[in-house]
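> Before we start, here is the structure in question, set down as structure tokens.
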Amino acid sequence: MTAFRYTAIGTGGERLAGVMEAATAEEVIARLQRQGTMPVRAEPADKAGRWSALMQLSLGSTRGLRKQDVADLIRELATMLTAGQDLDRALRYMQETAPARVRPTITGLRDAVRDGSPLSTAMARYPASFPAMHVGLVRAGEAGGNLGPTLGRIADLLDRQRALASTVTSALIYPTVLLVAMIGAVTLLLTEVLPQFVPMFEQSGVALPASTQFLIDAGNFVQADGLMMLAGFVVVLLLARTALRQDPVRLVVDRVLLRLPIVGGLTKEILAARFSRVLGTLLLNGVALIPALAIVRDAMGSRAGRLAVERASLTARGGGSLTPELEAAGVFPLRTIHLLRLGEETAQLGAMALRAADIHEERTRLATARLTSLLVPAITIVMGVAVGGIVASLMTAMLSLNDLAGG
């Protein structure tokens, strides 16, 4: 008998961890399943097992695969299994054709499967690439005998999540470039163009307009202390990043974001899409509600969203409805609450959650486009006003010199 360390999600949504004596990891998983829990990981607890896991992590699983690589791997595996290939042959083909960065992970999966481990157990050895949600879904697919379709749903989930994130990121690239260009243009005018006129102004001996003098002082300040300002800005960013890792600070920031006029609405749509998509996928693949909520909670990203899911999970664990706590938290749009309530009333919570996800993903795309359409003209106008103001101030000073010379 060997001692195995295990991690599982209990019937109440709580995380369980401990040590169990068994002949194999599969026996540990089977015992945990008979106890009504959802096993996530089981690995040898002895020193050799730990060193083996450490060596395995050092070979690349610490960083994990990129999300695109994981989605492609799961999609290809789902396609071959659905077409009738056995698991070992599918993994062998993928091992031969996969990119070099993905091949070690596929090799590890195939070796574990050939040693008799289920695919879910093999995937659990690479937590940086395959989180608990993937492992739980694959295990449910194995138990139901529909591993191929289950992997296909996981790939769909990953594709939709990546598409949603790409929509937001791509939409913000152009405004960011414009903002950087504006800052660069103003800095160039203050530090390179404006100083060329300063000797002429000084030789004239006349009092400059207040706006021109302000710009000259600002240019001198940027030239003298610009690097210190940049260093201070970087330090502030690092401190803010460290502070945001603290749950109380992150919770306050997340709640403030949700209350902002335009950004708050977009944030709610993103959280609703993520919550609904993951919850619906888990429920339709046979995962019970409470363990599904525990996985959804970890996938939220937002501390305010996690807190709302935790409170809703406590209510559901006591036999109550899921939606009152979600509505009271104010994290999700009312449309989400209504659709989930309808799903509870008709015993179709998984299907209605996916329907809500479709709606909120589309609304996220529309809200992102609307935000971009507001940011781009706003930044362009601000840049035009800033550059025009500097040029107008210079022209005013030059005209005052001409008037002095003409007089």
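Going by the structure tokens order, chains are called A, B, ..., each with residues numbered from 1, while ligands are numbered from 1 in the order shown.
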Could you give me, as JSON, numbers by chain, the residues within 9 Å of A:Ile216, counting only C-alpha atoms and dropping anything in the same chain fewer than 4 positions from it?

{"A": [190, 191, 194, 195, 198, 211, 212, 220, 221]}

> Which residue is closest to A:Phe4? Choose from A:Met398, A:Ile29, A:Ala42, A:Ala71 and count only C-alpha atoms.

A:Ala42

> So that I can see what lies close to stretch 357-368 of chain A, please list as an NGL selection string the residues with an atom at most 12 Å from it, counting only C-alpha atoms and leaving out residues fewer than 3 positions away in the same chain.

:A and (157 or 160-173 or 175 or 262-281 or 332-337 or 339-340 or 350-354 or 371-375)

> Excluding A:Val138 and residues on its chain fewer than 6 positions from it, collect all residues at most 7 Å away from it, counting only C-alpha atoms, and give them as a list in words.

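Residues near the query, excluding close chain neighbours: Ser120, Leu147, Thr150 and Leu151 of chain A.
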
> So which residues touch A:Ala17 within 9 Å, counting only C-alpha atoms, skipping near sequence neighbours fewer than 2 positions away, as a compact mmCIF listing (two decimals) with N, CA and C atoms, in the first residue's frame?


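What follows is the written file result_1.txt:
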# COMPACT_ATOMS: atom_id res chain seq x y z
N ARG A 5 -1.43 11.65 -1.52
CA ARG A 5 -2.04 12.93 -1.17
C ARG A 5 -3.13 13.23 -2.21
N TYR A 6 -4.28 13.66 -1.73
CA TYR A 6 -5.38 13.91 -2.66
C TYR A 6 -5.98 15.29 -2.41
N THR A 7 -6.60 15.81 -3.45
CA THR A 7 -7.39 17.04 -3.38
C THR A 7 -8.72 16.77 -4.05
N ALA A 8 -9.80 17.21 -3.43
CA ALA A 8 -11.13 16.97 -3.97
C ALA A 8 -12.04 18.12 -3.57
N ILE A 9 -13.20 18.17 -4.21
CA ILE A 9 -14.24 19.14 -3.88
C ILE A 9 -15.39 18.37 -3.25
N ARG A 15 -13.16 22.62 -0.33
CA ARG A 15 -11.97 21.91 -0.81
C ARG A 15 -11.52 20.93 0.27
N VAL A 19 -4.47 12.55 3.11
CA VAL A 19 -3.63 11.43 2.70
C VAL A 19 -4.44 10.15 2.85

> Find the residues of stretch 39-143 of chain A that sit at most 12 Å from stretch 30-35 of chain A; for each, write down the nearest two atoms and how far apart they are in Å, to one decimal. Count only C-alpha atoms. Sort by chain, then by number going up, and give it as a Markdown table.


| residue | atom | partner | partner_atom | distance |
| --- | --- | --- | --- | --- |
| A:Pro39 | CA | A:Leu32 | CA | 6.2 |
| A:Val40 | CA | A:Leu32 | CA | 9.8 |
| A:Arg41 | CA | A:Leu32 | CA | 10.6 |
| A:Ala42 | CA | A:Leu32 | CA | 10.1 |
| A:Ser117 | CA | A:Ala30 | CA | 12.0 |
| A:Pro118 | CA | A:Ala30 | CA | 11.3 |
| A:Thr121 | CA | A:Ala30 | CA | 11.3 |
| A:Gly136 | CA | A:Gln33 | CA | 11.4 |
| A:Arg139 | CA | A:Gln33 | CA | 10.2 |
| A:Ala140 | CA | A:Gln33 | CA | 10.6 |
| A:Ala143 | CA | A:Gln33 | CA | 10.3 |

> Quick one: distance from atom CA of A:Val387 to atom CA of A:Val186 in Å, one decimal?

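So the two atoms, atom CA of A:Val387 and atom CA of A:Val186, lie 6.5 Å apart.
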
> Given the choices A:Gln68, A:Gly84, A:Leu244, A:Thr396, which gets closest to A:Leu208 if the distance is worked out from only C-alpha atoms?

A:Thr396

> One number please: atom CA of A:Gly301 to atom CA of A:Arg245, in Å, one decimal.

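Separating atom CA of A:Gly301 from atom CA of A:Arg245 is a distance of 11.6 Å.
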
> Applying 10 Å and only C-alpha atoms, which residues near stretch 76-79 of chain A remain after dropping the ones on its own chain fewer than 6 positions away? List them as an MDAnalysis selection string.

chainID A and resid 70 85 87 90:91 93:94 147:155

> Write the residues you've just listed into a file as a short mmCIF file (atom, residue, chain, number, x, y, z; two decimals), in the first residue's frame, and include C-alpha atoms for each of them.


data_model
loop_
_atom_site.label_atom_id
_atom_site.label_comp_id
_atom_site.auth_asym_id
_atom_site.auth_seq_id
_atom_site.Cartn_x
_atom_site.Cartn_y
_atom_site.Cartn_z
CA VAL A 70 -4.38 23.71 -24.52
CA GLN A 85 -9.84 6.44 -32.49
CA LEU A 87 -7.14 7.16 -26.66
CA ALA A 90 -4.87 9.47 -30.63
CA LEU A 91 -2.23 10.56 -28.12
CA TYR A 93 -0.52 10.69 -33.27
CA MET A 94 -0.58 13.98 -31.39
CA LEU A 147 -15.20 11.45 -23.34
CA GLY A 148 -15.02 12.68 -26.95
CA PRO A 149 -18.07 14.99 -26.78
CA THR A 150 -16.95 16.20 -23.34
CA LEU A 151 -13.54 17.19 -24.68
CA GLY A 152 -15.31 18.95 -27.54
CA ARG A 153 -17.35 21.01 -25.06
CA ILE A 154 -14.19 21.92 -23.14
CA ALA A 155 -12.58 23.07 -26.39
#

> Record the distance separating atom CA of A:Pro261 and atom CA of A:Ala378, expressed in Å with one decimal.

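The value is 16.0 Å.
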
> List every residue of stretch 28-214 of chain A that DSSP, applied to the backbone, labels as alpha helix (DSSP H), and write the result as a ChimeraX atom specification.

/A:28-34,47-56,67-82,87-97,103-114,119-124,132-144,147-188,198-204,210-214

> Take the residues from that selection and put them in a file with C-alpha atoms, as a CSV table (one decimal), in the first residue's frame.


chain,number,residue,atom,x,y,z
A,28,VAL,CA,-8.0,6.7,-4.3
A,29,ILE,CA,-10.1,8.5,-6.9
A,30,ALA,CA,-12.6,5.7,-6.9
A,31,ARG,CA,-13.0,5.9,-3.1
A,32,LEU,CA,-13.4,9.6,-3.2
A,33,GLN,CA,-16.1,9.3,-5.9
A,34,ARG,CA,-17.9,6.7,-3.8
A,47,LYS,CA,9.6,11.6,-0.9
A,48,ALA,CA,10.2,9.8,-4.2
A,49,GLY,CA,6.8,10.9,-5.4
A,50,ARG,CA,7.4,14.4,-4.5
A,51,TRP,CA,10.8,14.4,-6.2
A,52,SER,CA,9.2,12.8,-9.3
A,53,ALA,CA,6.6,15.5,-9.3
A,54,LEU,CA,9.2,18.2,-8.9
A,55,MET,CA,11.2,16.8,-11.8
A,56,GLN,CA,8.1,16.7,-13.9
A,67,LYS,CA,-4.2,28.7,-23.5
A,68,GLN,CA,-4.1,28.4,-27.3
A,69,ASP,CA,-2.0,25.2,-27.1
A,70,VAL,CA,-4.4,23.7,-24.5
A,71,ALA,CA,-7.4,24.5,-26.7
A,72,ASP,CA,-5.8,23.0,-29.8
A,73,LEU,CA,-4.7,19.9,-27.9
A,74,ILE,CA,-8.1,19.3,-26.5
A,75,ARG,CA,-9.9,20.0,-29.8
A,76,GLU,CA,-7.7,17.7,-31.7
A,77,LEU,CA,-8.1,14.9,-29.1
A,78,ALA,CA,-11.8,15.4,-29.1
A,79,THR,CA,-12.0,15.2,-32.9
A,80,MET,CA,-10.0,11.9,-33.0
A,81,LEU,CA,-11.9,10.3,-30.2
A,82,THR,CA,-15.3,11.2,-31.8
A,87,LEU,CA,-7.1,7.2,-26.7
A,88,ASP,CA,-3.6,5.7,-26.9
A,89,ARG,CA,-3.5,5.9,-30.7
A,90,ALA,CA,-4.9,9.5,-30.6
A,91,LEU,CA,-2.2,10.6,-28.1
A,92,ARG,CA,0.5,8.8,-30.1
A,93,TYR,CA,-0.5,10.7,-33.3
A,94,MET,CA,-0.6,14.0,-31.4
A,95,GLN,CA,2.8,13.2,-29.8
A,96,GLU,CA,4.3,12.8,-33.3
A,97,THR,CA,2.7,15.9,-34.8
A,103,ARG,CA,5.2,17.4,-27.0
A,104,PRO,CA,6.5,16.9,-23.4
A,105,THR,CA,3.0,17.3,-22.0
A,106,ILE,CA,1.4,15.0,-24.5
A,107,THR,CA,4.2,12.4,-23.9
A,108,GLY,CA,3.5,12.6,-20.1
A,109,LEU,CA,-0.3,12.2,-20.8
A,110,ARG,CA,0.3,9.2,-23.0
A,111,ASP,CA,2.8,7.5,-20.6
A,112,ALA,CA,0.3,7.9,-17.8
A,113,VAL,CA,-2.5,6.5,-19.9
A,114,ARG,CA,-0.4,3.5,-21.0
A,119,LEU,CA,-7.0,10.7,-18.9
A,120,SER,CA,-8.4,12.8,-16.1
A,121,THR,CA,-5.7,11.5,-13.7
A,122,ALA,CA,-3.0,12.1,-16.2
A,123,MET,CA,-4.2,15.7,-16.8
A,124,ALA,CA,-4.3,16.4,-13.1
A,132,ALA,CA,-9.5,21.7,-11.8
A,133,MET,CA,-12.4,22.6,-14.1
A,134,HIS,CA,-10.9,20.6,-17.0
A,135,VAL,CA,-10.0,17.7,-14.8
A,136,GLY,CA,-13.5,17.5,-13.3
A,137,LEU,CA,-15.2,17.7,-16.8
A,138,VAL,CA,-13.0,15.0,-18.2
A,139,ARG,CA,-13.6,12.8,-15.2
A,140,ALA,CA,-17.4,13.3,-15.6
A,141,GLY,CA,-17.1,12.4,-19.3
A,142,GLU,CA,-15.1,9.3,-18.5
A,143,ALA,CA,-17.8,8.2,-16.0
A,144,GLY,CA,-20.5,8.8,-18.5
A,147,LEU,CA,-15.2,11.5,-23.3
A,148,GLY,CA,-15.0,12.7,-26.9
A,149,PRO,CA,-18.1,15.0,-26.8
A,150,THR,CA,-17.0,16.2,-23.3
A,151,LEU,CA,-13.5,17.2,-24.7
A,152,GLY,CA,-15.3,19.0,-27.5
A,153,ARG,CA,-17.3,21.0,-25.1
A,154,ILE,CA,-14.2,21.9,-23.1
A,155,ALA,CA,-12.6,23.1,-26.4
A,156,ASP,CA,-15.7,25.1,-27.2
A,157,LEU,CA,-15.5,26.7,-23.7
A,158,LEU,CA,-11.8,27.6,-24.2
A,159,ASP,CA,-12.4,29.0,-27.6
A,160,ARG,CA,-15.3,31.2,-26.4
A,161,GLN,CA,-13.3,32.4,-23.4
A,162,ARG,CA,-10.3,33.2,-25.6
A,163,ALA,CA,-12.5,35.0,-28.2
A,164,LEU,CA,-14.1,37.1,-25.5
A,165,ALA,CA,-10.8,38.1,-24.0
A,166,SER,CA,-9.4,38.8,-27.5
A,167,THR,CA,-12.4,41.1,-28.3
A,168,VAL,CA,-11.7,43.3,-25.3
A,169,THR,CA,-7.9,43.3,-25.7
A,170,SER,CA,-8.0,44.0,-29.5
A,171,ALA,CA,-10.5,46.8,-29.0
A,172,LEU,CA,-8.3,48.6,-26.5
A,173,ILE,CA,-5.1,48.4,-28.6
A,174,TYR,CA,-5.9,51.4,-30.8
A,175,PRO,CA,-6.9,53.8,-28.0
A,176,THR,CA,-3.7,52.8,-26.1
A,177,VAL,CA,-1.6,53.5,-29.2
A,178,LEU,CA,-3.3,56.9,-29.5
A,179,LEU,CA,-2.7,57.7,-25.9
A,180,VAL,CA,1.0,56.8,-26.1
A,181,ALA,CA,1.2,58.9,-29.3
A,182,MET,CA,-0.4,61.9,-27.6
A,183,ILE,CA,2.0,61.7,-24.6
A,184,GLY,CA,4.9,61.3,-26.9
A,185,ALA,CA,3.9,64.3,-29.1
A,186,VAL,CA,3.4,66.6,-26.1
A,187,THR,CA,6.6,65.5,-24.5
A,188,LEU,CA,8.5,66.1,-27.8
A,198,VAL,CA,13.6,80.1,-25.3
A,199,PRO,CA,16.9,82.0,-26.2
A,200,MET,CA,15.0,84.3,-28.5
A,201,PHE,CA,12.4,85.0,-25.8
A,202,GLU,CA,15.1,85.7,-23.2
A,203,GLN,CA,17.0,88.1,-25.6
A,204,SER,CA,13.9,90.1,-26.2
A,210,ALA,CA,1.3,83.3,-18.9
A,211,SER,CA,0.5,80.2,-21.0
A,212,THR,CA,3.9,80.4,-22.8
A,213,GLN,CA,5.8,80.8,-19.5
A,214,PHE,CA,3.9,77.8,-18.0
